[in-house]
>>> print(open('start-v5.pdb').read())   # PDB, C-alpha atoms
ATOM      1  CA  MET A   8       0.000   0.000   0.000
ATOM      2  CA  ALA A   9       2.857   2.382   0.843
ATOM      3  CA  ILE A  10       4.504   1.706  -2.499
ATOM      4  CA  PHE A  11       1.188   2.397  -4.304
ATOM      5  CA  CYS A  12       0.699   5.740  -2.516
ATOM      6  CA  ARG A  13       4.253   6.840  -3.212
ATOM      7  CA  ARG A  14       3.862   6.191  -6.935
ATOM      8  CA  ASN A  15       0.651   8.215  -6.947
ATOM      9  CA  PHE A  16       2.456  11.036  -5.167
ATOM     10  CA  LEU A  17       5.281  11.069  -7.727
ATOM     11  CA  PHE A  18       2.801  11.131 -10.621
ATOM     12  CA  LEU A  19       0.896  14.007  -9.011
ATOM     13  CA  ALA A  20       4.131  15.933  -8.516
ATOM     14  CA  MET A  21       5.018  15.555 -12.209
ATOM     15  CA  VAL A  22       1.594  16.869 -13.286
ATOM     16  CA  VAL A  23       1.869  19.870 -10.956
ATOM     17  CA  SER A  24       5.352  20.666 -12.288
ATOM     18  CA  LEU A  25       4.157  20.511 -15.899
ATOM     19  CA  PHE A  26       1.232  22.849 -15.121
ATOM     20  CA  ALA A  27       3.554  25.307 -13.391
ATOM     21  CA  LEU A  28       5.882  25.303 -16.403
ATOM     22  CA  THR A  29       3.156  26.218 -18.896
ATOM     23  CA  SER A  30       0.818  28.376 -16.858
ATOM     24  CA  GLY A  31       3.401  31.134 -16.571
ATOM     25  CA  GLN A  32       2.860  32.049 -20.246
ATOM     26  CA  ASP A  33      -0.525  33.730 -19.912
ATOM     27  CA  GLY A  34       0.086  36.100 -22.840
ATOM     28  CA  SER A  35      -1.135  39.097 -20.837
ATOM     29  CA  GLY A  36       0.291  42.593 -20.853
ATOM     30  CA  ASP A  37       1.559  43.269 -24.377
ATOM     31  CA  TYR A  38      -1.532  42.204 -26.334
ATOM     32  CA  GLU A  39      -4.543  43.891 -24.792
ATOM     33  CA  ASP A  40      -6.551  43.644 -27.998
ATOM     34  CA  TYR A  41      -6.446  39.853 -28.124
ATOM     35  CA  SER A  42      -9.780  38.119 -28.322
ATOM     36  CA  GLU A  43     -10.353  34.941 -26.338
ATOM     37  CA  SER A  44     -12.753  33.765 -29.030
ATOM     38  CA  GLY A  45     -10.054  33.381 -31.685
ATOM     39  CA  SER A  46     -10.200  30.362 -34.022
ATOM     40  CA  VAL A  47      -7.843  27.492 -33.207
ATOM     41  CA  SER A  48      -6.023  25.161 -35.583
ATOM     42  CA  GLN A  49      -3.669  22.230 -35.020
ATOM     43  CA  GLN A  50      -0.421  21.702 -36.916
ATOM     44  CA  SER A  51       0.679  18.186 -37.802
ATOM     45  CA  GLU A  52       4.369  18.415 -36.841
ATOM     46  CA  SER A  53       3.814  17.534 -33.149
ATOM     47  CA  ALA A  54       3.661  13.782 -33.608
ATOM     48  CA  SER A  55       7.092  13.699 -35.266
ATOM     49  CA  LEU A  56       8.901  15.355 -32.323
ATOM     50  CA  PRO A  57      10.158  13.710 -29.095
ATOM     51  CA  ILE A  58       7.784  14.089 -26.140
ATOM     52  CA  ASP A  59      10.227  16.480 -24.409
ATOM     53  CA  ASP A  60       9.917  18.904 -27.348
ATOM     54  CA  ARG A  61       6.115  18.988 -27.379
ATOM     55  CA  ASN A  62       5.253  20.925 -24.248
ATOM     56  CA  PRO A  63       1.822  22.616 -24.269
ATOM     57  CA  CYS A  64       1.037  26.293 -23.610
ATOM     58  CA  SER A  65      -1.468  28.246 -21.557
ATOM     59  CA  PHE A  66      -2.472  31.367 -23.463
ATOM     60  CA  ARG A  67      -5.138  33.896 -22.403
ATOM     61  CA  GLY A  68      -7.055  31.233 -20.572
ATOM     62  CA  GLN A  69      -6.808  28.712 -23.411
ATOM     63  CA  PHE A  70      -4.863  25.471 -23.289
ATOM     64  CA  LEU A  71      -2.867  24.957 -26.511
ATOM     65  CA  THR A  72      -1.007  21.809 -27.450
ATOM     66  CA  HIS A  73       2.337  22.022 -29.223
ATOM     67  CA  GLY A  74       1.792  23.194 -32.814
ATOM     68  CA  GLN A  75      -1.704  24.518 -32.118
ATOM     69  CA  SER A  76      -2.427  28.057 -33.328
ATOM     70  CA  VAL A  77      -5.102  30.611 -32.573
ATOM     71  CA  VAL A  78      -6.216  33.526 -34.791
ATOM     72  CA  ILE A  79      -6.771  36.545 -32.579
ATOM     73  CA  ASP A  80      -7.835  38.995 -35.282
ATOM     74  CA  PRO A  81      -7.198  39.485 -39.040
ATOM     75  CA  CYS A  82      -3.730  40.854 -38.214
ATOM     76  CA  THR A  83      -2.616  38.443 -35.475
ATOM     77  CA  GLU A  84      -2.034  34.689 -35.281
ATOM     78  CA  CYS A  85      -0.350  32.953 -32.342
ATOM     79  CA  VAL A  86       1.146  29.454 -32.224
ATOM     80  CA  CYS A  87       2.348  27.208 -29.380
ATOM     81  CA  LYS A  88       5.904  25.961 -29.851
ATOM     82  CA  ASN A  89       7.165  23.647 -27.125
ATOM     83  CA  GLY A  90       5.715  25.612 -24.213
ATOM     84  CA  THR A  91       6.216  29.067 -25.728
ATOM     85  CA  THR A  92       3.436  31.030 -27.450
ATOM     86  CA  THR A  93       4.674  33.186 -30.328
ATOM     87  CA  CYS A  94       2.460  35.709 -32.131
ATOM     88  CA  ASN A  95       2.908  36.897 -35.693
ATOM     89  CA  ILE A  96       1.423  40.339 -36.320
ATOM     90  CA  GLU A  97       0.952  41.462 -39.918
ATOM     91  CA  SER A  98       1.873  45.074 -40.613
ATOM     92  CA  CYS A  99       0.226  47.181 -43.293
ATOM     93  CA  PRO A 100       2.182  49.247 -45.837
ATOM     94  CA  SER A 101       2.467  52.954 -45.117
ATOM     95  CA  GLU A 102       1.196  53.732 -48.626
ATOM     96  CA  GLN A 103      -1.919  51.895 -49.766
ATOM     97  CA  GLY A 104      -1.226  52.331 -53.478
ATOM     98  CA  CYS A 105      -4.430  54.135 -54.402
ATOM     99  CA  LEU A 106      -6.292  57.365 -53.778
ATOM    100  CA  PRO A 107      -7.966  57.826 -50.372
ATOM    101  CA  ASP A 108     -11.462  57.682 -51.868
ATOM    102  CA  GLU A 109     -10.611  54.321 -53.521
ATOM    103  CA  ILE A 110      -9.629  52.563 -50.271
ATOM    104  CA  VAL A 111     -11.969  49.767 -49.195
ATOM    105  CA  ILE A 112     -12.149  48.503 -45.583
ATOM    106  CA  ILE A 113     -12.924  44.775 -45.384
ATOM    107  CA  PRO A 114     -13.559  43.223 -41.933
ATOM    108  CA  GLU A 115     -11.847  39.927 -42.824
ATOM    109  CA  GLU A 116      -8.645  41.649 -43.962
ATOM    110  CA  CYS A 117      -5.927  43.106 -41.770
ATOM    111  CA  CYS A 118      -5.054  45.954 -44.138
ATOM    112  CA  PRO A 119      -7.239  48.358 -46.128
ATOM    113  CA  GLN A 120      -7.685  47.217 -49.714
ATOM    114  CA  CYS A 121      -7.301  49.044 -53.032
ATOM    115  CA  PRO A 122      -8.777  48.152 -56.420
ATOM    116  CA  TYR A 123      -6.678  45.429 -58.040
ATOM    117  CA  LYS A 124      -4.343  46.823 -60.680
ATOM    118  CA  MET A 125      -1.734  44.890 -62.655
ATOM    119  CA  ILE A 126       0.721  46.705 -64.938
ATOM    120  CA  VAL A 127       2.434  44.360 -67.438
ATOM    121  CA  ASP A 128       5.951  45.271 -68.490
ATOM    122  CA  GLN A 129       6.518  42.302 -70.799
ATOM    123  CA  THR A 130       4.886  39.034 -71.846
ATOM    124  CA  GLU A 131       7.358  36.294 -72.747
ATOM    125  CA  ASN A 132       6.532  33.172 -74.738
ATOM    126  CA  LEU A 133       8.696  30.416 -73.216
ATOM    127  CA  TYR A 134       8.223  27.786 -75.934
ATOM    128  CA  GLY A 135      11.827  27.033 -76.841
ATOM    129  CA  GLU A 136      11.605  24.206 -79.373
ATOM    130  CA  THR A 137      12.123  24.813 -83.089
ATOM    131  CA  PHE A 138      10.684  22.187 -85.420
ATOM    132  CA  ASP A 139      10.030  21.813 -89.132
ATOM    133  CA  PHE A 140       6.548  20.948 -90.329
ATOM    134  CA  ALA A 141       4.575  20.263 -93.499
ATOM    135  CA  ILE A 142       1.243  21.537 -94.714
ATOM    136  CA  GLY A 143      -1.443  19.100 -93.565
ATOM    137  CA  GLU A 144       0.226  18.233 -90.243
ATOM    138  CA  THR A 145      -0.783  19.036 -86.659
ATOM    139  CA  LYS A 146       1.443  19.301 -83.618
ATOM    140  CA  ARG A 147       0.445  19.368 -79.951
ATOM    141  CA  ILE A 148       2.820  21.255 -77.660
ATOM    142  CA  ARG A 149       3.346  22.235 -74.036
ATOM    143  CA  PHE A 150       4.744  25.647 -73.225
ATOM    144  CA  GLY A 151       5.034  28.303 -70.550
ATOM    145  CA  ALA A 152       4.718  32.060 -70.295
ATOM    146  CA  ASN A 153       6.450  34.583 -68.071
ATOM    147  CA  ILE A 154       4.584  37.776 -67.162
ATOM    148  CA  ALA A 155       7.018  40.531 -66.149
ATOM    149  CA  LEU A 156       5.261  43.170 -64.049
ATOM    150  CA  ASP A 157       5.931  46.760 -63.099
ATOM    151  CA  LYS A 158       6.286  46.034 -59.405
ATOM    152  CA  LYS A 159       5.999  49.658 -58.355
ATOM    153  CA  GLN A 160       2.691  50.295 -60.134
ATOM    154  CA  THR A 161       1.094  46.877 -59.570
ATOM    155  CA  SER A 162      -1.074  46.287 -56.502
ATOM    156  CA  ARG A 163       0.507  44.646 -53.466
ATOM    157  CA  LEU A 164      -1.922  41.723 -53.731
ATOM    158  CA  VAL A 165      -4.185  40.492 -56.541
ATOM    159  CA  ARG A 166      -6.390  37.439 -56.033
ATOM    160  CA  GLY A 167      -9.694  35.903 -57.019
ATOM    161  CA  GLU A 168     -11.239  33.215 -59.239
ATOM    162  CA  SER A 169     -10.923  32.874 -63.038
ATOM    163  CA  MET A 170      -8.671  35.938 -63.118
ATOM    164  CA  TRP A 171      -6.323  35.386 -66.068
ATOM    165  CA  LYS A 172      -6.543  34.662 -69.762
ATOM    166  CA  LEU A 173      -3.818  33.710 -72.231
ATOM    167  CA  GLY A 174      -4.725  33.407 -75.896
ATOM    168  CA  ALA A 175      -2.555  31.522 -78.397
ATOM    169  CA  TRP A 176      -2.460  31.347 -82.187
ATOM    170  CA  ILE A 177      -0.238  31.060 -85.274
ATOM    171  CA  SER A 178       0.357  34.248 -87.198
ATOM    172  CA  PRO A 179       1.943  35.251 -90.519
ATOM    173  CA  ASN A 180       3.477  38.329 -88.850
ATOM    174  CA  GLU A 181       5.983  38.881 -86.058
ATOM    175  CA  ASP A 182       3.678  41.278 -84.210
ATOM    176  CA  GLY A 183       0.807  38.761 -84.223
ATOM    177  CA  SER A 184      -1.326  40.734 -86.655
ATOM    178  CA  GLY A 185      -3.161  39.276 -89.619
ATOM    179  CA  ARG A 186      -4.879  35.926 -89.796
ATOM    180  CA  ARG A 187      -5.008  33.962 -86.538
ATOM    181  CA  THR A 188      -4.681  30.271 -87.358
ATOM    182  CA  SER A 189      -5.413  27.629 -84.689
ATOM    183  CA  TYR A 190      -6.608  30.430 -82.412
ATOM    184  CA  LYS A 191      -7.426  29.357 -78.853
ATOM    185  CA  LYS A 192      -8.897  32.059 -76.661
ATOM    186  CA  GLN A 193      -7.830  30.532 -73.337
ATOM    187  CA  VAL A 194      -4.968  28.089 -72.680
ATOM    188  CA  ILE A 195      -4.701  28.680 -68.920
ATOM    189  CA  THR A 196      -6.609  25.950 -67.091
ATOM    190  CA  GLY A 197      -7.455  24.774 -63.580
ATOM    191  CA  LYS A 198      -6.060  26.491 -60.531
ATOM    192  CA  ASP A 199      -3.695  28.639 -62.628
ATOM    193  CA  LYS A 200      -6.687  30.765 -63.636
ATOM    194  CA  ALA A 201      -6.806  31.833 -59.975
ATOM    195  CA  LYS A 202      -3.028  32.277 -59.629
ATOM    196  CA  GLU A 203      -2.416  34.807 -56.868
ATOM    197  CA  TYR A 204       0.008  37.677 -57.157
ATOM    198  CA  PHE A 205       1.740  38.920 -54.006
ATOM    199  CA  LYS A 206       4.366  41.635 -54.305
ATOM    200  CA  GLY A 207       6.429  40.188 -51.472
ATOM    201  CA  ASP A 208       6.903  36.891 -53.354
ATOM    202  CA  TYR A 209       7.664  38.469 -56.723
ATOM    203  CA  ASN A 210      11.413  38.769 -57.225
ATOM    204  CA  PRO A 211      12.458  38.008 -60.799
ATOM    205  CA  PRO A 212      14.362  36.235 -62.146
ATOM    206  CA  THR A 213      14.614  33.916 -59.130
ATOM    207  CA  SER A 214      10.916  34.195 -58.235
ATOM    208  CA  PRO A 215       9.010  35.109 -61.409
ATOM    209  CA  TRP A 216       5.255  35.284 -61.924
ATOM    210  CA  ASP A 217       4.736  32.708 -64.647
ATOM    211  CA  PHE A 218       2.477  29.991 -66.029
ATOM    212  CA  LYS A 219       3.693  26.497 -66.909
ATOM    213  CA  LYS A 220       2.654  23.363 -68.803
ATOM    214  CA  MET A 221      -0.048  24.967 -70.931
ATOM    215  CA  LYS A 222      -1.256  22.954 -73.934
ATOM    216  CA  PHE A 223      -1.814  24.116 -77.494
ATOM    217  CA  THR A 224      -2.466  22.354 -80.818
ATOM    218  CA  MET A 225      -0.916  23.802 -83.951
ATOM    219  CA  ASP A 226      -2.982  22.933 -87.026
ATOM    220  CA  PHE A 227      -1.196  23.350 -90.369
ATOM    221  CA  THR A 228      -3.995  21.867 -92.505
ATOM    222  CA  ASN A 229      -5.859  25.018 -93.491
ATOM    223  CA  GLY A 230      -3.528  27.513 -95.095
ATOM    224  CA  GLU A 231      -0.223  28.108 -96.808
ATOM    225  CA  CYS A 232       3.320  28.284 -95.461
ATOM    226  CA  ALA A 233       3.064  32.073 -95.422
ATOM    227  CA  ASP A 234       0.287  31.762 -92.811
ATOM    228  CA  PHE A 235       2.428  29.752 -90.381
ATOM    229  CA  LYS A 236       5.384  31.948 -89.495
ATOM    230  CA  PHE A 237       5.050  32.742 -85.771
ATOM    231  CA  PHE A 238       3.592  31.227 -82.600
ATOM    232  CA  CYS A 239       1.986  34.059 -80.626
ATOM    233  CA  ILE A 240       0.441  34.539 -77.186
ATOM    234  CA  GLU A 241      -1.449  37.400 -75.544
ATOM    235  CA  PHE A 242      -2.059  37.960 -71.830
ATOM    236  CA  GLY A 243      -4.980  39.734 -70.202
ATOM    237  CA  PRO A 244      -7.845  39.494 -67.703
ATOM    238  CA  ASP A 245     -10.481  36.811 -68.158
ATOM    239  CA  GLU A 246     -13.951  38.080 -69.033
ATOM    240  CA  ALA A 247     -15.308  35.942 -66.189
ATOM    241  CA  ALA A 248     -12.831  37.285 -63.600
ATOM    242  CA  GLN A 249     -14.113  37.248 -60.013
ATOM    243  CA  PRO A 250     -11.723  39.383 -57.928
ATOM    244  CA  LYS A 251     -11.928  38.727 -54.206
ATOM    245  CA  TYR A 252     -14.378  41.010 -52.371
ATOM    246  CA  ASP A 253     -15.598  42.216 -55.803
ATOM    247  CA  LEU A 254     -12.868  44.830 -55.933
ATOM    248  CA  ASP A 255     -12.368  46.693 -59.207
ATOM    249  CA  PHE A 256      -9.821  44.909 -61.383
ATOM    250  CA  THR A 257      -7.733  46.094 -64.342
ATOM    251  CA  VAL A 258      -4.804  44.680 -66.330
ATOM    252  CA  LEU A 259      -2.917  47.285 -68.353
ATOM    253  CA  ALA A 260       0.195  47.405 -70.504
ATOM    254  CA  LYS A 261       2.901  49.700 -69.193
ATOM    255  CA  ASN A 262       2.723  53.124 -70.844
ATOM    256  CA  ASP A 263      -0.376  51.852 -72.689
ATOM    257  CA  GLU A 264       1.893  49.975 -75.115
ATOM    258  CA  GLU A 265      -0.361  47.040 -75.994
ATOM    259  CA  GLU A 266       2.461  45.103 -77.633
ATOM    260  CA  ARG A 267       3.782  44.399 -74.136
ATOM    261  CA  LEU A 268       0.849  42.001 -73.670
ATOM    262  CA  ARG A 269       1.892  39.871 -76.687
ATOM    263  CA  ASP A 270       4.901  37.837 -77.708
ATOM    264  CA  CYS A 271       5.563  35.891 -80.904
ATOM    265  CA  ILE A 272       8.382  33.456 -81.615
ATOM    266  CA  PRO A 273       9.324  32.127 -85.074
ATOM    267  CA  LEU A 274       8.366  28.658 -86.168
ATOM    268  CA  GLY A 275      10.599  26.279 -88.139
ATOM    269  CA  GLN A 276      10.757  25.509 -91.844
ATOM    270  CA  CYS A 277       7.457  24.813 -93.618
ATOM    271  CA  SER A 278       7.187  22.415 -96.554
ATOM    272  CA  GLY A 279       4.451  21.212 -98.868
ATOM    273  CA  ASP A 280       3.267  24.701 -99.875
ATOM    274  CA  CYS A 281       1.692  24.796-103.351
ATOM    275  CA  SER A 282       0.675  28.449-103.323
ATOM    276  CA  PHE A 283       3.356  29.529-105.870
ATOM    277  CA  GLU A 284       3.615  33.043-104.470
ATOM    278  CA  GLY A 285       5.343  35.576-106.699
ATOM    279  CA  THR A 286       4.429  33.975-110.009
ATOM    280  CA  ASP A 287       1.509  34.056-112.430
ATOM    281  CA  LEU A 288       2.237  30.561-113.724
ATOM    282  CA  THR A 289      -0.461  27.933-113.563
ATOM    283  CA  PRO A 290       0.239  24.554-111.923
ATOM    284  CA  SER A 291       0.577  22.873-115.349
ATOM    285  CA  GLU A 292       3.129  25.461-116.452
ATOM    286  CA  ILE A 293       5.105  24.990-113.239
ATOM    287  CA  GLU A 294       5.157  21.217-113.769
ATOM    288  CA  SER A 295       6.676  21.692-117.195
ATOM    289  CA  GLN A 296       9.151  24.357-116.011
ATOM    290  CA  PRO A 297      10.108  23.459-112.408
ATOM    291  CA  SER A 298      13.316  25.450-112.580
ATOM    292  CA  LEU A 299      11.405  28.745-112.838
ATOM    293  CA  ILE A 300      10.371  28.737-109.182
ATOM    294  CA  THR A 301      11.760  27.510-105.883
ATOM    295  CA  LEU A 302       9.406  25.128-104.089
ATOM    296  CA  ASP A 303       9.669  23.182-100.852
ATOM    297  CA  ILE A 304       7.620  20.139-101.851
ATOM    298  CA  CYS A 305       4.582  20.322-104.154
ATOM    299  CA  LEU A 306       2.418  17.370-105.127
ATOM    300  CA  PHE A 307      -0.371  17.468-107.687
ATOM    301  CA  GLY A 308      -3.064  14.789-107.418
TER     302      GLY A 308
END
>>> encode(input="start-v5.pdb", output="structure tokens")
Amino acid sequence: MAIFCRRNFLFLAMVVSLFALTSGQDGSGDYEDYSESGSVSQQSESASLPIDDRNPCSFRGQFLTHGQSVVIDPCTECVCKNGTTTCNIESCPSEQGCLPDEIVIIPEECCPQCPYKMIVDQTENLYGETFDFAIGETKRIRFGANIALDKKQTSRLVRGESMWKLGAWISPNEDGSGRRTSYKKQVITGKDKAKEYFKGDYNPPTSPWDFKKMKFTMDFTNGECADFKFFCIEFGPDEAAQPKYDLDFTVLAKNDEEERLRDCIPLGQCSGDCSFEGTDLTPSEIESQPSLITLDICLFG
């Protein structure tokens, strides 16, 4: 019986010591605006640590296990780390980036919000492969696009659903003008249409704002070699854009130079063109005098 009581006493002493260790961190004093009704979440790292590194916390009357966090307000989140409660407080920029009458106060956000504005400095087509092709063929490709932004003029944060659009086509001209063959209005798919922009994460070239693994089918069956000179893309806002909180949303080219929103890269050598540009000869005359014109490959059925 004496042995049983002593073991109970030792266990009780350990519990009291643990409570004394954690109860001293009551979080009072420096954070008078904390709310005791903050939302709590649990991180998954606790189970991977030794028991000695997973001490709980007592914070503002709440018991937090190691890795558990509590959101005090839109600007403040606190997390328990091995017996110590640490709070991260978001600070707002001194300049909002818009006129005072454009500022929008949103209860769920820490900082005042401005209308979303994105200023594009350059659109870059990242398809790097050069290939030859023949009239009548099709080719399916994957490619990427880098959107270089004017960081100073672009909003600090831009987010929402179905925000971005990237059109793709084949053009006879380097500036993308003229006939648009194989035109696809939107090649951005899935979650990339809601790709968020945050100024703090944008640091090109190491941290660019880009889109990857987009798909496009080049169709060379309806036209002549002169129609298939360049692969072009054009960036802009999607017509169905749903900016968060319904804020106003604009995408503009820097200095209103619309060519900054487009980029075209040359395609490879085309063959099989029977258009006979630059001559008034008929096909029968060309067959009898093949040396009068330079052709890639021309077959008459």
>>> closest_residue(input="start-v5.pdb", among="A:Cys121, A:Leu254, A:Ala247, A:Leu259", to="Leu156 (chain A)", atoms="all atoms listed in the file")
A:Leu259
>>> closest_residue(input="start-v5.pdb", among="A:Lys261, A:Pro273, A:Arg61, A:Gly230", to="Ala141 (chain A)", atoms="all atoms listed in the file")
A:Gly230
>>> resolve_selection(input="start-v5.pdb", expression="the PyMOL selection byres ((chain A and resi 267) around 10)", output="PyMOL selection string")
chain A and resi 126-131+154-155+241-242+259-266+268-270
>>> atom_distance(input="start-v5.pdb", atom1="CA of Glu115 (chain A)", atom2="CA of Glu203 (chain A)")
17.7 Å
>>> residues_around(input="start-v5.pdb", residues="Asn153 (chain A)", least_positions_apart="3", cutoff="8 Å", atoms="all atoms listed in the file", output="count of residues only")
8
>>> atom_distance(input="start-v5.pdb", atom1="CA of Lys251 (chain A)", atom2="CA of Glu168 (chain A)")
7.5 Å
>>> closest_residue(input="start-v5.pdb", among="A:Gly279, A:Gly183, A:Pro250, A:Pro244", to="Asp139 (chain A)", atoms="all atoms listed in the file")
A:Gly279
>>> residues_around(input="start-v5.pdb", residues="Ile110 (chain A)", least_positions_apart="3", cutoff="12 Å", atoms="only C-alpha atoms", output="list in words")
Glu102, Gln103, Gly104, Cys105, Leu106, Pro107, Ile113, Cys118, Pro119, Gln120, Cys121, Pro122, Tyr123, Leu254 and Asp255 of chain A
>>> atom_distance(input="start-v5.pdb", atom1="CA of Glu84 (chain A)", atom2="CA of Gln69 (chain A)")
14.1 Å
>>> closest_atom_pairs(input="start-v5.pdb", of="region 113-205 of chain A", to="region 219-229 of chain A", cutoff="8 Å", atoms="all atoms listed in the file", output="CSV")
residue,atom,partner,partner_atom,distance
A:Ala141,CA,A:Phe227,CA,7.3
A:Ile142,CA,A:Phe227,CA,5.3
A:Gly143,CA,A:Thr228,CA,3.9
A:Glu144,CA,A:Phe227,CA,5.3
A:Thr145,CA,A:Asp226,CA,4.5
A:Lys146,CA,A:Met225,CA,5.1
A:Arg147,CA,A:Thr224,CA,4.3
A:Ile148,CA,A:Phe223,CA,5.4
A:Arg149,CA,A:Lys222,CA,4.7
A:Phe150,CA,A:Met221,CA,5.4
A:Gly151,CA,A:Lys219,CA,4.3
A:Ala152,CA,A:Lys219,CA,6.6
A:Ala175,CA,A:Phe223,CA,7.5
A:Trp176,CA,A:Met225,CA,7.9
A:Ile177,CA,A:Met225,CA,7.4
A:Thr188,CA,A:Asp226,CA,7.5
A:Ser189,CA,A:Asp226,CA,5.8
A:Lys191,CA,A:Phe223,CA,7.8
A:Val194,CA,A:Met221,CA,6.1
A:Ile195,CA,A:Met221,CA,6.3
A:Thr196,CA,A:Met221,CA,7.7
>>> closest_residue(input="start-v5.pdb", among="A:Cys277, A:Ser65, A:Asp199, A:Cys94", to="Phe138 (chain A)", atoms="only C-alpha atoms")
A:Cys277
>>> build_atoms(input="start-v5.pdb", residues="region 198-213 of chain A", atoms="N, CA, C and O atoms", output="PDB file, in the coordinates of the input")
ATOM      1  N   LYS A 198      -6.352  25.547 -61.611  1.00  0.00           N
ATOM      2  CA  LYS A 198      -6.060  26.491 -60.531  1.00  0.00           C
ATOM      3  C   LYS A 198      -5.203  27.662 -60.995  1.00  0.00           C
ATOM      4  O   LYS A 198      -5.164  28.700 -60.324  1.00  0.00           O
ATOM      5  N   ASP A 199      -4.514  27.533 -62.143  1.00  0.00           N
ATOM      6  CA  ASP A 199      -3.695  28.639 -62.628  1.00  0.00           C
ATOM      7  C   ASP A 199      -4.544  29.851 -63.020  1.00  0.00           C
ATOM      8  O   ASP A 199      -4.040  30.970 -63.061  1.00  0.00           O
ATOM      9  N   LYS A 200      -5.814  29.638 -63.315  1.00  0.00           N
ATOM     10  CA  LYS A 200      -6.687  30.765 -63.636  1.00  0.00           C
ATOM     11  C   LYS A 200      -6.906  31.640 -62.412  1.00  0.00           C
ATOM     12  O   LYS A 200      -7.295  32.807 -62.534  1.00  0.00           O
ATOM     13  N   ALA A 201      -6.673  31.077 -61.223  1.00  0.00           N
ATOM     14  CA  ALA A 201      -6.806  31.833 -59.975  1.00  0.00           C
ATOM     15  C   ALA A 201      -5.443  32.103 -59.345  1.00  0.00           C
ATOM     16  O   ALA A 201      -5.352  32.350 -58.143  1.00  0.00           O
ATOM     17  N   LYS A 202      -4.388  32.078 -60.144  1.00  0.00           N
ATOM     18  CA  LYS A 202      -3.028  32.277 -59.629  1.00  0.00           C
ATOM     19  C   LYS A 202      -2.933  33.625 -58.922  1.00  0.00           C
ATOM     20  O   LYS A 202      -3.235  34.671 -59.494  1.00  0.00           O
ATOM     21  N   GLU A 203      -2.484  33.590 -57.677  1.00  0.00           N
ATOM     22  CA  GLU A 203      -2.416  34.807 -56.868  1.00  0.00           C
ATOM     23  C   GLU A 203      -1.104  35.547 -57.111  1.00  0.00           C
ATOM     24  O   GLU A 203      -0.060  34.936 -57.321  1.00  0.00           O
ATOM     25  N   TYR A 204      -1.196  36.850 -57.102  1.00  0.00           N
ATOM     26  CA  TYR A 204       0.008  37.677 -57.157  1.00  0.00           C
ATOM     27  C   TYR A 204       0.194  38.376 -55.820  1.00  0.00           C
ATOM     28  O   TYR A 204      -0.724  39.029 -55.317  1.00  0.00           O
ATOM     29  N   PHE A 205       1.394  38.224 -55.237  1.00  0.00           N
ATOM     30  CA  PHE A 205       1.740  38.920 -54.006  1.00  0.00           C
ATOM     31  C   PHE A 205       3.102  39.571 -54.206  1.00  0.00           C
ATOM     32  O   PHE A 205       4.084  38.898 -54.540  1.00  0.00           O
ATOM     33  N   LYS A 206       3.146  40.877 -54.014  1.00  0.00           N
ATOM     34  CA  LYS A 206       4.366  41.635 -54.305  1.00  0.00           C
ATOM     35  C   LYS A 206       5.561  41.117 -53.510  1.00  0.00           C
ATOM     36  O   LYS A 206       6.696  41.104 -54.013  1.00  0.00           O
ATOM     37  N   GLY A 207       5.329  40.665 -52.295  1.00  0.00           N
ATOM     38  CA  GLY A 207       6.429  40.188 -51.472  1.00  0.00           C
ATOM     39  C   GLY A 207       7.086  38.931 -52.003  1.00  0.00           C
ATOM     40  O   GLY A 207       8.242  38.647 -51.696  1.00  0.00           O
ATOM     41  N   ASP A 208       6.356  38.134 -52.795  1.00  0.00           N
ATOM     42  CA  ASP A 208       6.903  36.891 -53.354  1.00  0.00           C
ATOM     43  C   ASP A 208       7.478  37.077 -54.752  1.00  0.00           C
ATOM     44  O   ASP A 208       8.095  36.158 -55.295  1.00  0.00           O
ATOM     45  N   TYR A 209       7.241  38.237 -55.340  1.00  0.00           N
ATOM     46  CA  TYR A 209       7.664  38.469 -56.723  1.00  0.00           C
ATOM     47  C   TYR A 209       9.051  39.091 -56.750  1.00  0.00           C
ATOM     48  O   TYR A 209       9.243  40.231 -56.335  1.00  0.00           O
ATOM     49  N   ASN A 210      10.031  38.306 -57.196  1.00  0.00           N
ATOM     50  CA  ASN A 210      11.413  38.769 -57.225  1.00  0.00           C
ATOM     51  C   ASN A 210      12.134  38.143 -58.416  1.00  0.00           C
ATOM     52  O   ASN A 210      12.947  37.229 -58.255  1.00  0.00           O
ATOM     53  N   PRO A 211      11.822  38.611 -59.627  1.00  0.00           N
ATOM     54  CA  PRO A 211      12.458  38.008 -60.799  1.00  0.00           C
ATOM     55  C   PRO A 211      13.951  38.334 -60.839  1.00  0.00           C
ATOM     56  O   PRO A 211      14.372  39.355 -60.278  1.00  0.00           O
ATOM     57  N   PRO A 212      14.785  37.446 -61.441  1.00  0.00           N
ATOM     58  CA  PRO A 212      14.362  36.235 -62.146  1.00  0.00           C
ATOM     59  C   PRO A 212      14.246  35.001 -61.257  1.00  0.00           C
ATOM     60  O   PRO A 212      13.784  33.961 -61.708  1.00  0.00           O
ATOM     61  N   THR A 213      14.649  35.100 -59.986  1.00  0.00           N
ATOM     62  CA  THR A 213      14.614  33.916 -59.130  1.00  0.00           C
ATOM     63  C   THR A 213      13.188  33.516 -58.747  1.00  0.00           C
ATOM     64  O   THR A 213      12.902  32.336 -58.593  1.00  0.00           O
TER      65      THR A 213
END
